[in-house]
>>> print(open('coords_25.pdb').read())   # PDB, C-alpha atoms, pLDDT in the B column
ATOM      1  CA  THR W   5       0.000   0.000   0.000  1.00 84.00           C
ATOM      2  CA  ALA W   6       2.869   2.398   0.716  1.00 89.00           C
ATOM      3  CA  LEU W   7       4.260   1.593  -2.712  1.00 90.00           C
ATOM      4  CA  LEU W   8       0.896   2.381  -4.371  1.00 90.00           C
ATOM      5  CA  ARG W   9       0.637   5.709  -2.512  1.00 92.00           C
ATOM      6  CA  THR W  10       4.176   6.594  -3.551  1.00 93.00           C
ATOM      7  CA  ARG W  11       3.455   5.774  -7.196  1.00 92.00           C
ATOM      8  CA  ALA W  12       0.240   7.819  -7.131  1.00 92.00           C
ATOM      9  CA  ARG W  13       2.079  10.782  -5.576  1.00 93.00           C
ATOM     10  CA  LEU W  14       4.846  10.530  -8.202  1.00 94.00           C
ATOM     11  CA  ARG W  15       2.276  10.478 -11.038  1.00 93.00           C
ATOM     12  CA  ARG W  16       0.503  13.506  -9.539  1.00 93.00           C
ATOM     13  CA  ASP W  17       3.814  15.355  -9.161  1.00 92.00           C
ATOM     14  CA  ALA W  18       4.786  14.503 -12.744  1.00 93.00           C
ATOM     15  CA  ARG W  19       1.453  15.872 -14.023  1.00 91.00           C
ATOM     16  CA  ARG W  20       1.967  19.088 -12.073  1.00 91.00           C
ATOM     17  CA  ALA W  21       5.519  19.419 -13.377  1.00 92.00           C
ATOM     18  CA  ALA W  22       4.278  18.935 -16.952  1.00 91.00           C
ATOM     19  CA  LEU W  23       1.667  21.674 -16.476  1.00 94.00           C
ATOM     20  CA  ILE W  24       4.228  24.334 -15.538  1.00 92.00           C
ATOM     21  CA  PRO W  25       5.626  24.866 -19.081  1.00 93.00           C
ATOM     22  CA  VAL W  26       2.103  24.730 -20.567  1.00 93.00           C
ATOM     23  CA  VAL W  27       0.805  27.406 -18.188  1.00 94.00           C
ATOM     24  CA  LEU W  28       3.949  29.509 -18.669  1.00 95.00           C
ATOM     25  CA  GLY W  29       3.680  29.210 -22.468  1.00 96.00           C
ATOM     26  CA  ALA W  30      -0.009  30.195 -22.400  1.00 96.00           C
ATOM     27  CA  ALA W  31       0.800  33.214 -20.214  1.00 97.00           C
ATOM     28  CA  ILE W  32       3.552  34.339 -22.605  1.00 97.00           C
ATOM     29  CA  VAL W  33       1.268  33.957 -25.629  1.00 96.00           C
ATOM     30  CA  MET W  34      -1.501  35.923 -23.903  1.00 96.00           C
ATOM     31  CA  PHE W  35       0.959  38.672 -22.976  1.00 96.00           C
ATOM     32  CA  LEU W  36       2.228  38.932 -26.561  1.00 94.00           C
ATOM     33  CA  VAL W  37      -1.312  39.003 -27.975  1.00 89.00           C
ATOM     34  CA  GLY W  38      -2.218  41.743 -25.497  1.00 90.00           C
ATOM     35  CA  LEU W  39       0.890  43.707 -26.438  1.00 89.00           C
ATOM     36  CA  TYR W  40       0.054  43.362 -30.138  1.00 82.00           C
ATOM     37  CA  VAL W  41      -3.532  44.545 -29.591  1.00 83.00           C
ATOM     38  CA  PHE W  42      -2.384  47.489 -27.448  1.00 85.00           C
ATOM     39  CA  THR W  43       0.313  48.529 -29.939  1.00 81.00           C
ATOM     40  CA  SER W  44      -2.014  48.149 -32.910  1.00 80.00           C
ATOM     41  CA  ALA W  45      -4.804  50.089 -31.272  1.00 80.00           C
ATOM     42  CA  THR W  46      -2.573  52.960 -30.163  1.00 84.00           C
ATOM     43  CA  THR W  47      -0.172  53.390 -33.121  1.00 88.00           C
ATOM     44  CA  SER W  48      -2.306  52.737 -36.214  1.00 89.00           C
ATOM     45  CA  VAL W  49      -3.473  55.096 -38.934  1.00 92.00           C
ATOM     46  CA  SER W  50      -6.114  53.893 -41.379  1.00 90.00           C
ATOM     47  CA  PRO W  51      -5.390  54.090 -45.112  1.00 90.00           C
ATOM     48  CA  GLU W  52      -8.304  56.523 -45.485  1.00 92.00           C
ATOM     49  CA  ASP W  53      -6.877  58.872 -42.850  1.00 94.00           C
ATOM     50  CA  TYR W  54      -3.402  58.617 -44.394  1.00 95.00           C
ATOM     51  CA  ALA W  55      -4.807  59.497 -47.821  1.00 94.00           C
ATOM     52  CA  GLY W  56      -6.310  62.684 -46.350  1.00 95.00           C
ATOM     53  CA  ILE W  57      -3.018  63.887 -44.866  1.00 96.00           C
ATOM     54  CA  ARG W  58      -1.403  66.664 -46.912  1.00 96.00           C
ATOM     55  CA  VAL W  59       2.191  67.907 -46.886  1.00 96.00           C
ATOM     56  CA  GLY W  60       2.212  71.398 -45.380  1.00 96.00           C
ATOM     57  CA  GLU W  61      -0.386  70.660 -42.708  1.00 96.00           C
ATOM     58  CA  THR W  62       0.573  71.482 -39.131  1.00 95.00           C
ATOM     59  CA  ARG W  63       0.754  68.976 -36.317  1.00 92.00           C
ATOM     60  CA  ASP W  64      -2.273  70.694 -34.737  1.00 93.00           C
ATOM     61  CA  GLU W  65      -4.301  70.146 -37.909  1.00 95.00           C
ATOM     62  CA  LEU W  66      -3.322  66.457 -37.895  1.00 96.00           C
ATOM     63  CA  THR W  67      -4.096  65.857 -34.210  1.00 92.00           C
ATOM     64  CA  PRO W  68      -7.588  64.423 -34.889  1.00 92.00           C
ATOM     65  CA  VAL W  69      -6.147  61.913 -37.384  1.00 92.00           C
ATOM     66  CA  LEU W  70      -2.937  60.803 -35.664  1.00 93.00           C
ATOM     67  CA  PRO W  71      -2.882  58.508 -32.622  1.00 91.00           C
ATOM     68  CA  ASP W  72      -1.233  59.729 -29.422  1.00 86.00           C
ATOM     69  CA  ARG W  73       1.482  57.086 -29.642  1.00 90.00           C
ATOM     70  CA  ARG W  74       3.840  56.291 -32.502  1.00 88.00           C
ATOM     71  CA  ILE W  75       6.495  53.734 -33.341  1.00 86.00           C
ATOM     72  CA  ARG W  76       9.984  55.062 -32.610  1.00 81.00           C
ATOM     73  CA  LYS W  77      11.797  53.399 -35.517  1.00 80.00           C
ATOM     74  CA  PRO W  78      10.777  51.134 -38.374  1.00 77.00           C
ATOM     75  CA  PRO W  79      12.071  47.564 -38.409  1.00 74.00           C
ATOM     76  CA  PRO W  80      15.608  47.452 -39.839  1.00 77.00           C
ATOM     77  CA  VAL W  81      14.443  45.464 -42.867  1.00 67.00           C
ATOM     78  CA  ILE W  82      12.378  48.383 -44.151  1.00 72.00           C
ATOM     79  CA  SER W  83      14.201  50.665 -46.549  1.00 79.00           C
ATOM     80  CA  GLU W  84      13.125  54.270 -46.466  1.00 84.00           C
ATOM     81  CA  PRO W  85      13.824  57.462 -48.385  1.00 88.00           C
ATOM     82  CA  SER W  86      16.170  60.026 -46.896  1.00 90.00           C
ATOM     83  CA  VAL W  87      14.822  62.323 -44.204  1.00 91.00           C
ATOM     84  CA  PRO W  88      14.188  65.921 -45.319  1.00 92.00           C
ATOM     85  CA  ALA W  89      16.831  68.319 -43.973  1.00 94.00           C
ATOM     86  CA  GLY W  90      16.097  69.352 -40.399  1.00 94.00           C
ATOM     87  CA  ALA W  91      13.000  67.160 -40.131  1.00 95.00           C
ATOM     88  CA  THR W  92      12.135  64.553 -37.540  1.00 92.00           C
ATOM     89  CA  CYS W  93      10.168  61.511 -38.648  1.00 93.00           C
ATOM     90  CA  GLU W  94       7.449  59.578 -36.867  1.00 92.00           C
ATOM     91  CA  TYR W  95       6.246  56.105 -37.775  1.00 92.00           C
ATOM     92  CA  TYR W  96       2.748  54.659 -37.621  1.00 92.00           C
ATOM     93  CA  ARG W  97       1.315  51.240 -38.344  1.00 89.00           C
ATOM     94  CA  ALA W  98      -0.925  51.115 -41.420  1.00 88.00           C
ATOM     95  CA  SER W  99      -4.019  49.142 -40.606  1.00 81.00           C
ATOM     96  CA  ARG W 100      -7.747  48.957 -41.109  1.00 71.00           C
ATOM     97  CA  SER W 101      -8.373  46.776 -38.040  1.00 70.00           C
ATOM     98  CA  LEU W 102      -6.661  44.702 -35.361  1.00 68.00           C
ATOM     99  CA  LEU W 103      -6.815  41.682 -37.658  1.00 68.00           C
ATOM    100  CA  ASP W 104      -4.897  43.488 -40.415  1.00 66.00           C
ATOM    101  CA  PHE W 105      -1.478  41.836 -40.222  1.00 69.00           C
ATOM    102  CA  GLY W 106       0.115  43.791 -43.078  1.00 72.00           C
ATOM    103  CA  ASP W 107       3.670  45.050 -42.821  1.00 76.00           C
ATOM    104  CA  THR W 108       3.024  48.518 -44.273  1.00 84.00           C
ATOM    105  CA  MET W 109       4.044  51.516 -42.187  1.00 88.00           C
ATOM    106  CA  TYR W 110       3.559  55.234 -42.657  1.00 93.00           C
ATOM    107  CA  ARG W 111       6.323  57.746 -42.080  1.00 94.00           C
ATOM    108  CA  LEU W 112       5.495  61.383 -41.423  1.00 95.00           C
ATOM    109  CA  CYS W 113       8.373  63.874 -41.249  1.00 96.00           C
ATOM    110  CA  PHE W 114       7.882  67.195 -39.494  1.00 96.00           C
ATOM    111  CA  LYS W 115      10.018  70.309 -39.347  1.00 96.00           C
ATOM    112  CA  ASP W 116       8.896  72.999 -36.912  1.00 95.00           C
ATOM    113  CA  ASP W 117       5.571  71.130 -36.528  1.00 94.00           C
ATOM    114  CA  VAL W 118       4.817  71.357 -40.264  1.00 96.00           C
ATOM    115  CA  LEU W 119       4.531  68.140 -42.282  1.00 97.00           C
ATOM    116  CA  MET W 120       7.417  68.070 -44.775  1.00 96.00           C
ATOM    117  CA  ALA W 121       7.032  64.532 -46.138  1.00 96.00           C
ATOM    118  CA  LYS W 122       4.725  61.548 -45.939  1.00 95.00           C
ATOM    119  CA  ASP W 123       5.853  58.135 -47.085  1.00 93.00           C
ATOM    120  CA  MET W 124       4.423  54.638 -47.196  1.00 91.00           C
ATOM    121  CA  LEU W 125       7.081  52.103 -46.202  1.00 87.00           C
TER
END
>>> encode(input="coords_25.pdb", output="structure tokens")
Amino acid sequence: TALLRTRARLRRDARRAALIPVVLGAAIVMFLVGLYVFTSATTSVSPEDYAGIRVGETRDELTPVLPDRRIRKPPPVISEPSVPAGATCEYYRASRSLLDFGDTMYRLCFKDDVLMAKDML
């Protein structure tokens, strides 16, 4: 009987040990999905809004169209045109919805809060 109890305890312990990586993996996946949703929701510009943006507009004029957050730098695999002299560029995800997994990004370059260039990357 002691042997049977020991075997049962070992099986139970083995099941618990096997659950640890599964639970950890599920937690990591959920975190990454949450991060993707948050980033997409807070850094995306729709193609329709991008089409309405005009070079020469001020940052204040674009405030209703642009999200509060932006992507600091594009992925290194994206090639981009040169930055206009004295301008600072901001990057936004191009997307229609959270389920839009495209790799297109928009780059908006401002100088003194005036849009100098807009590019699709």
>>> closest_residue(input="coords_25.pdb", among="W:Leu119, W:Pro80, W:Thr92, W:Arg100", to="Glu65 (chain W)", atoms="only C-alpha atoms")
W:Leu119
>>> residues_around(input="coords_25.pdb", residues="Arg111 (chain W)", least_positions_apart="3", cutoff="6 Å", atoms="only C-alpha atoms", output="list in words")
Glu94, Tyr95, Lys122 and Asp123 of chain W
>>> closest_residue(input="coords_25.pdb", among="W:Leu125, W:Cys113, W:Ala31, W:Val49", to="Arg73 (chain W)", atoms="all atoms listed in the file")
W:Val49
>>> residues_around(input="coords_25.pdb", residues="Leu112 (chain W)", least_positions_apart="5", cutoff="12 Å", atoms="only C-alpha atoms", output="ChimeraX atom specification")
/W:49,54,57-63,66,70,74-78,84-85,87-88,91-97,117-125
>>> resolve_selection(input="coords_25.pdb", expression="the PyMOL selection byres ((chain W and resi 45) around 10)", output="PyMOL selection string")
chain W and resi 39-44+46-49+71+73+97+99+101-102
>>> write_last_selection(input="coords_25.pdb", atoms="C-alpha atoms", output="compact mmCIF listing (two decimals), in the coordinates of the input")
# COMPACT_ATOMS: atom_id res chain seq x y z
CA LEU W 39 0.89 43.71 -26.44
CA TYR W 40 0.05 43.36 -30.14
CA VAL W 41 -3.53 44.54 -29.59
CA PHE W 42 -2.38 47.49 -27.45
CA THR W 43 0.31 48.53 -29.94
CA SER W 44 -2.01 48.15 -32.91
CA THR W 46 -2.57 52.96 -30.16
CA THR W 47 -0.17 53.39 -33.12
CA SER W 48 -2.31 52.74 -36.21
CA VAL W 49 -3.47 55.10 -38.93
CA PRO W 71 -2.88 58.51 -32.62
CA ARG W 73 1.48 57.09 -29.64
CA ARG W 97 1.32 51.24 -38.34
CA SER W 99 -4.02 49.14 -40.61
CA SER W 101 -8.37 46.78 -38.04
CA LEU W 102 -6.66 44.70 -35.36
>>> atom_distance(input="coords_25.pdb", atom1="CA of Thr10 (chain W)", atom2="CA of Leu28 (chain W)")
27.5 Å
>>> atom_distance(input="coords_25.pdb", atom1="CA of Asp107 (chain W)", atom2="CA of Pro79 (chain W)")
9.8 Å
>>> axis_aligned_box(input="coords_25.pdb", around="region 63-80 of chain W", padding_each_side="3 Å", output="lines of an AutoDock Vina configuration file")
center_x = 4.0
center_y = 59.1
center_z = -34.6
size_x = 29.2
size_y = 29.2
size_z = 16.4
>>> atom_distance(input="coords_25.pdb", atom1="CA of Gly38 (chain W)", atom2="CA of Arg19 (chain W)")
28.5 Å
>>> closest_residue(input="coords_25.pdb", among="W:Leu23, W:Pro68, W:Val37, W:Ser50", to="Gly106 (chain W)", atoms="all atoms listed in the file")
W:Ser50
